Amino acid sequence: MDSIDVAACWEANAETWTRHARAGYDLYRDALNTPVFLANLPDIAGLTGLDIGCGEGANTRKLAEAGGRMIAVDIAPTFIRHAQEAEAAAPLGIDYRLGDGTALPFPDAQFDFATAFMSMMDMPFQNRALTEAARVLKPGGFLQFSILHPCFAPPYRKVLRDDAGNIRAIEVGRYFDGIDGEIETWRFGAAPVAVKASVEPFRVPRFHRTLSEWVAMIVAAGLTIEHMAEPHVDAETAKAIPYLADTHIAPLFLHIRARRGAAA
Ligand SMILES: C[S@@+](CC[C@H](N)C(=O)[O-])C[C@H]1O[C@@H](n2cnc3c(N)ncnc32)[C@H](O)[C@@H]1O
């Protein structure tokens, strides 16, 4: 599967995704993943940033609110249209453009930093996506990105519960299956049942790579890892928001910040 096929899948997902994400049904993103990502982000006030795979732009807006001077790209035109409409309604100075993370439409060394929230594991040829991100960074600039956790969210992940319904373990499998575009179908689990029943499921092509493959690609792109995070809730939050409780047992997401060296 190439970028054109991937773009077609995301374009088909984009209307429902935007509506449901903006209704608050992307609860992992809003209640866990993005807050941890932003908490670990260096100060970006006044810096020029690129958000890669921005979707409808919710996270790009947060970066702009934190002072980043943002350009953002996504491969799906409908996401870009929704993001641009949000920008027109409440301007933050964000420049949204249609673009492919594996062939970025920018010159070398344009950005102080780049972000990719949950988009790089959705791209074929992640090596190219990482090399492209490194290319458009100024020497010393950083890339911070989140992905499905390669170890705890490989193509097979199942939440196991005890008789009382408490989560006791996460079962994983197919870790070494280097899938290229296998389609996963799902809806935002936090949406009400009737809402979920009223829409077609998302069709998301997956490109799973092992942890060591990710590290090898990051190193080959000339980037040096300087920070990692595995967002998770504590026991209290797991009780208060059961939807997130699986992350108390094992993480669902992995965050990495890597920096372009002066010689990259
Ligand atoms: C899981 S969504 C995340 C969206 C957004 N970053 C967020 O956190 O809400 C993945 C996004 O990556 C985009 N995407 C997938 N492949 C891409 C590529 N090759 N170049 C740019 N964007 C891509 C999709 O269109 C989609 O918007």
# chains A, B, ... in the order shown; residues from 1 in each chain; ligands from 1
call {"tool": "residues_around", "arguments": {"residues": "Leu254 in chain A", "least_positions_apart": "6", "cutoff": "6 Å", "atoms": "only C-alpha atoms", "output": "PyMOL selection string"}}
result
chain A and resi 146-147+149+229-230
call {"tool": "write_last_selection", "arguments": {"atoms": "N, CA, C and O atoms", "output": "PDB file, in the first residue's frame"}}
result
ATOM      1  N   SER A 146       4.280  10.918  18.673  1.00  0.00           N
ATOM      2  CA  SER A 146       3.614   9.836  19.400  1.00  0.00           C
ATOM      3  C   SER A 146       3.158   8.788  18.397  1.00  0.00           C
ATOM      4  O   SER A 146       2.757   9.123  17.278  1.00  0.00           O
ATOM      5  N   ILE A 147       3.233   7.528  18.833  1.00  0.00           N
ATOM      6  CA  ILE A 147       2.786   6.411  17.990  1.00  0.00           C
ATOM      7  C   ILE A 147       2.091   5.385  18.880  1.00  0.00           C
ATOM      8  O   ILE A 147       2.224   5.442  20.112  1.00  0.00           O
ATOM      9  N   HIS A 149       2.087   2.181  20.805  1.00  0.00           N
ATOM     10  CA  HIS A 149       3.278   1.565  21.399  1.00  0.00           C
ATOM     11  C   HIS A 149       3.649   0.297  20.627  1.00  0.00           C
ATOM     12  O   HIS A 149       2.825  -0.621  20.533  1.00  0.00           O
ATOM     13  N   ALA A 229       8.399   8.739  26.547  1.00  0.00           N
ATOM     14  CA  ALA A 229       7.337   8.677  27.550  1.00  0.00           C
ATOM     15  C   ALA A 229       6.333   7.610  27.153  1.00  0.00           C
ATOM     16  O   ALA A 229       6.149   7.314  25.957  1.00  0.00           O
ATOM     17  N   GLU A 230       5.682   7.022  28.161  1.00  0.00           N
ATOM     18  CA  GLU A 230       4.652   6.005  27.950  1.00  0.00           C
ATOM     19  C   GLU A 230       3.430   6.414  28.764  1.00  0.00           C
ATOM     20  O   GLU A 230       3.308   6.037  29.941  1.00  0.00           O
TER      21      GLU A 230
END
call {"tool": "residues_around", "arguments": {"residues": "Gly55 in chain A", "least_positions_apart": "4", "cutoff": "12 Å", "atoms": "only C-alpha atoms", "output": "number ranges by chain"}}
result
A: 7, 10-11, 13-19, 21-22, 51, 59-61, 72-84, 86, 96-99, 116-119
call {"tool": "select_by_dssp", "arguments": {"residues": "range 60-168 of chain A", "states": "alpha helix (DSSP H)", "output": "VMD selection string"}}
result
chain A and resid 60 to 65 77 to 89 126 to 136
call {"tool": "closest_residue", "arguments": {"among": "A:Met120, A:Ala134, A:Ala169, A:Leu50", "to": "ligand 1", "atoms": "only C-alpha atoms and all ligand atoms"}}
result
A:Met120
call {"tool": "residues_around", "arguments": {"residues": "Glu184 in chain A", "least_positions_apart": "4", "cutoff": "9 Å", "atoms": "only C-alpha atoms", "output": "list of chain:residue names"}}
result
A:Pro155, A:Phe202, A:Arg203, A:Val204, A:Pro205, A:Arg206
call {"tool": "write_last_selection", "arguments": {"atoms": "N, CA, C and O atoms", "output": "compact mmCIF listing (two decimals), in the first residue's frame"}}
result
# COMPACT_ATOMS: atom_id res chain seq x y z
N PRO A 155 -0.04 -5.51 16.11
CA PRO A 155 -1.31 -5.77 15.41
C PRO A 155 -2.35 -6.52 16.25
O PRO A 155 -3.55 -6.40 16.00
N PHE A 202 -14.13 3.49 11.03
CA PHE A 202 -12.93 3.99 10.36
C PHE A 202 -12.20 2.80 9.75
O PHE A 202 -12.23 1.69 10.29
N ARG A 203 -11.52 3.06 8.65
CA ARG A 203 -10.64 2.04 8.06
C ARG A 203 -9.22 2.62 8.10
O ARG A 203 -8.90 3.58 7.39
N VAL A 204 -8.41 2.05 8.98
CA VAL A 204 -7.07 2.62 9.23
C VAL A 204 -6.00 1.62 8.79
O VAL A 204 -5.88 0.54 9.35
N PRO A 205 -5.22 2.01 7.77
CA PRO A 205 -4.11 1.13 7.36
C PRO A 205 -2.98 1.19 8.37
O PRO A 205 -2.60 2.28 8.80
N ARG A 206 -2.48 0.02 8.76
CA ARG A 206 -1.41 0.01 9.78
C ARG A 206 -0.10 -0.47 9.19
O ARG A 206 -0.06 -1.34 8.33
call {"tool": "select_by_dssp", "arguments": {"residues": "range 10-243 of chain A", "states": "strand (DSSP E)", "output": "NGL selection string"}}
result
:A and (48-52 or 69-74 or 95-98 or 111-117 or 137-148 or 156-161 or 167-173 or 182-186 or 202-206 or 223-229)
call {"tool": "residues_around", "arguments": {"residues": "Ile44 in chain A", "least_positions_apart": "4", "cutoff": "9 Å", "atoms": "only C-alpha atoms", "output": "ChimeraX atom specification"}}
result
/A:48-49,63-64,66-69,112-113
call {"tool": "write_last_selection", "arguments": {"atoms": "all heavy atoms", "output": "compact mmCIF listing (two decimals), in the first residue's frame"}}
result
# COMPACT_ATOMS: atom_id res chain seq x y z
N THR A 48 9.40 28.28 15.16
CA THR A 48 8.67 27.89 13.95
C THR A 48 8.55 26.37 13.94
O THR A 48 9.55 25.66 14.01
CB THR A 48 9.46 28.35 12.71
OG1 THR A 48 9.62 29.76 12.80
CG2 THR A 48 8.73 28.00 11.44
N GLY A 49 7.28 25.88 13.87
CA GLY A 49 7.06 24.45 13.97
C GLY A 49 6.23 23.88 12.84
O GLY A 49 5.43 24.58 12.22
N LEU A 63 -0.56 23.69 19.96
CA LEU A 63 0.84 24.12 19.76
C LEU A 63 0.90 25.62 19.50
O LEU A 63 1.78 26.32 20.02
CB LEU A 63 1.46 23.35 18.60
CG LEU A 63 1.59 21.83 18.79
CD1 LEU A 63 1.93 21.15 17.47
CD2 LEU A 63 2.63 21.49 19.84
N ALA A 64 -0.06 26.11 18.70
CA ALA A 64 -0.10 27.55 18.42
C ALA A 64 -0.43 28.32 19.70
O ALA A 64 0.14 29.40 19.96
CB ALA A 64 -1.13 27.84 17.33
N ALA A 66 0.43 27.49 22.56
CA ALA A 66 1.65 27.47 23.39
C ALA A 66 2.73 28.39 22.81
O ALA A 66 3.85 28.42 23.34
CB ALA A 66 2.18 26.04 23.51
N GLY A 67 2.42 29.09 21.73
CA GLY A 67 3.36 30.08 21.20
C GLY A 67 4.11 29.66 19.95
O GLY A 67 4.90 30.44 19.43
N GLY A 68 3.85 28.41 19.46
CA GLY A 68 4.52 27.97 18.24
C GLY A 68 3.96 28.69 17.02
O GLY A 68 2.76 28.93 16.94
N ARG A 69 4.84 29.02 16.09
CA ARG A 69 4.39 29.62 14.82
C ARG A 69 4.26 28.46 13.84
O ARG A 69 5.26 27.99 13.29
CB ARG A 69 5.39 30.68 14.36
CG ARG A 69 5.34 31.90 15.31
CD ARG A 69 6.60 32.71 15.35
NE ARG A 69 7.10 33.01 14.02
CZ ARG A 69 8.37 33.32 13.77
NH1 ARG A 69 9.26 33.36 14.76
NH2 ARG A 69 8.78 33.58 12.56
N ASP A 112 12.26 25.02 13.47
CA ASP A 112 12.93 24.83 14.76
C ASP A 112 12.53 23.50 15.40
O ASP A 112 13.31 22.91 16.15
CB ASP A 112 12.54 25.96 15.72
CG ASP A 112 12.99 27.32 15.23
OD1 ASP A 112 14.18 27.45 14.87
OD2 ASP A 112 12.15 28.24 15.18
N PHE A 113 11.29 23.09 15.12
CA PHE A 113 10.82 21.81 15.68
C PHE A 113 9.72 21.24 14.80
O PHE A 113 9.14 21.95 13.96
CB PHE A 113 10.33 21.99 17.13
CG PHE A 113 8.99 22.66 17.25
CD1 PHE A 113 7.82 21.93 17.39
CD2 PHE A 113 8.90 24.05 17.22
CE1 PHE A 113 6.60 22.56 17.49
CE2 PHE A 113 7.67 24.70 17.33
CZ PHE A 113 6.51 23.95 17.47
call {"tool": "closest_residue", "arguments": {"among": "A:Gly173, A:Gly222, A:Gly101, A:Pro107", "to": "ligand 1", "atoms": "only C-alpha atoms and all ligand atoms"}}
result
A:Gly101
call {"tool": "closest_residue", "arguments": {"among": "A:Arg187, A:Lys158, A:Arg209, A:Arg168", "to": "ligand 1", "atoms": "only C-alpha atoms and all ligand atoms"}}
result
A:Arg187
call {"tool": "closest_residue", "arguments": {"among": "A:Ile71, A:Ala88, A:Ala194, A:Ala235", "to": "Pro105 in chain A", "atoms": "only C-alpha atoms"}}
result
A:Ile71
call {"tool": "residues_around", "arguments": {"residues": "Thr247 in chain A", "least_positions_apart": "2", "cutoff": "12 Å", "atoms": "only C-alpha atoms", "output": "VMD selection string"}}
result
chain A and resid 28 31 to 33 148 to 149 152 to 153 159 167 to 170 230 to 235 237 to 239 241 to 245 249 to 254
call {"tool": "closest_residue", "arguments": {"among": "A:Glu171, A:Asp162, A:Asp100, A:Asp177", "to": "Glu132 in chain A", "atoms": "only C-alpha atoms"}}
result
A:Asp100
call {"tool": "atom_distance", "arguments": {"atom1": "CA of Ala133 in chain A", "atom2": "CA of Phe106 in chain A"}}
result
10.0 Å
call {"tool": "atom_distance", "arguments": {"atom1": "atom 15 (C, counted along the ligand's line) of ligand 1", "atom2": "CA of Gly53 in chain A"}}
result
5.8 Å
call {"tool": "residues_around", "arguments": {"residues": "Glu213 in chain A", "least_positions_apart": "6", "cutoff": "10 Å", "atoms": "only C-alpha atoms", "output": "PDB file with all heavy atoms, in the first residue's frame"}}
result
ATOM      1  N   ASN A 127      10.634   5.204   7.504  1.00  0.00           N
ATOM      2  CA  ASN A 127      12.032   5.684   7.390  1.00  0.00           C
ATOM      3  C   ASN A 127      12.073   6.987   6.611  1.00  0.00           C
ATOM      4  O   ASN A 127      12.771   7.929   6.973  1.00  0.00           O
ATOM      5  CB  ASN A 127      12.930   4.608   6.740  1.00  0.00           C
ATOM      6  CG  ASN A 127      12.419   4.126   5.394  1.00  0.00           C
ATOM      7  OD1 ASN A 127      11.224   4.223   5.099  1.00  0.00           O
ATOM      8  ND2 ASN A 127      13.303   3.604   4.582  1.00  0.00           N
ATOM      9  N   PRO A 150       4.861   0.258  20.063  1.00  0.00           N
ATOM     10  CA  PRO A 150       5.206  -0.915  19.251  1.00  0.00           C
ATOM     11  C   PRO A 150       5.133  -2.225  20.044  1.00  0.00           C
ATOM     12  O   PRO A 150       4.783  -3.264  19.479  1.00  0.00           O
ATOM     13  CB  PRO A 150       6.649  -0.640  18.817  1.00  0.00           C
ATOM     14  CG  PRO A 150       6.855   0.820  18.998  1.00  0.00           C
ATOM     15  CD  PRO A 150       5.945   1.249  20.113  1.00  0.00           C
ATOM     16  N   GLY A 178       5.649  -7.503  10.345  1.00  0.00           N
ATOM     17  CA  GLY A 178       5.866  -6.166   9.778  1.00  0.00           C
ATOM     18  C   GLY A 178       4.803  -5.838   8.754  1.00  0.00           C
ATOM     19  O   GLY A 178       5.054  -5.819   7.561  1.00  0.00           O
ATOM     20  N   VAL A 219      17.734   6.590  14.238  1.00  0.00           N
ATOM     21  CA  VAL A 219      19.195   6.782  14.172  1.00  0.00           C
ATOM     22  C   VAL A 219      19.631   7.024  12.723  1.00  0.00           C
ATOM     23  O   VAL A 219      20.426   7.933  12.436  1.00  0.00           O
ATOM     24  CB  VAL A 219      19.912   5.548  14.775  1.00  0.00           C
ATOM     25  CG1 VAL A 219      21.410   5.609  14.517  1.00  0.00           C
ATOM     26  CG2 VAL A 219      19.619   5.453  16.274  1.00  0.00           C
TER      27      VAL A 219
END
call {"tool": "atom_distance", "arguments": {"atom1": "CA of Glu226 in chain A", "atom2": "CA of Arg259 in chain A"}}
result
7.0 Å
call {"tool": "closest_residue", "arguments": {"among": "A:Met123, A:Leu104, A:Ile218, A:Leu92", "to": "ligand 1", "atoms": "only C-alpha atoms and all ligand atoms"}}
result
A:Met123
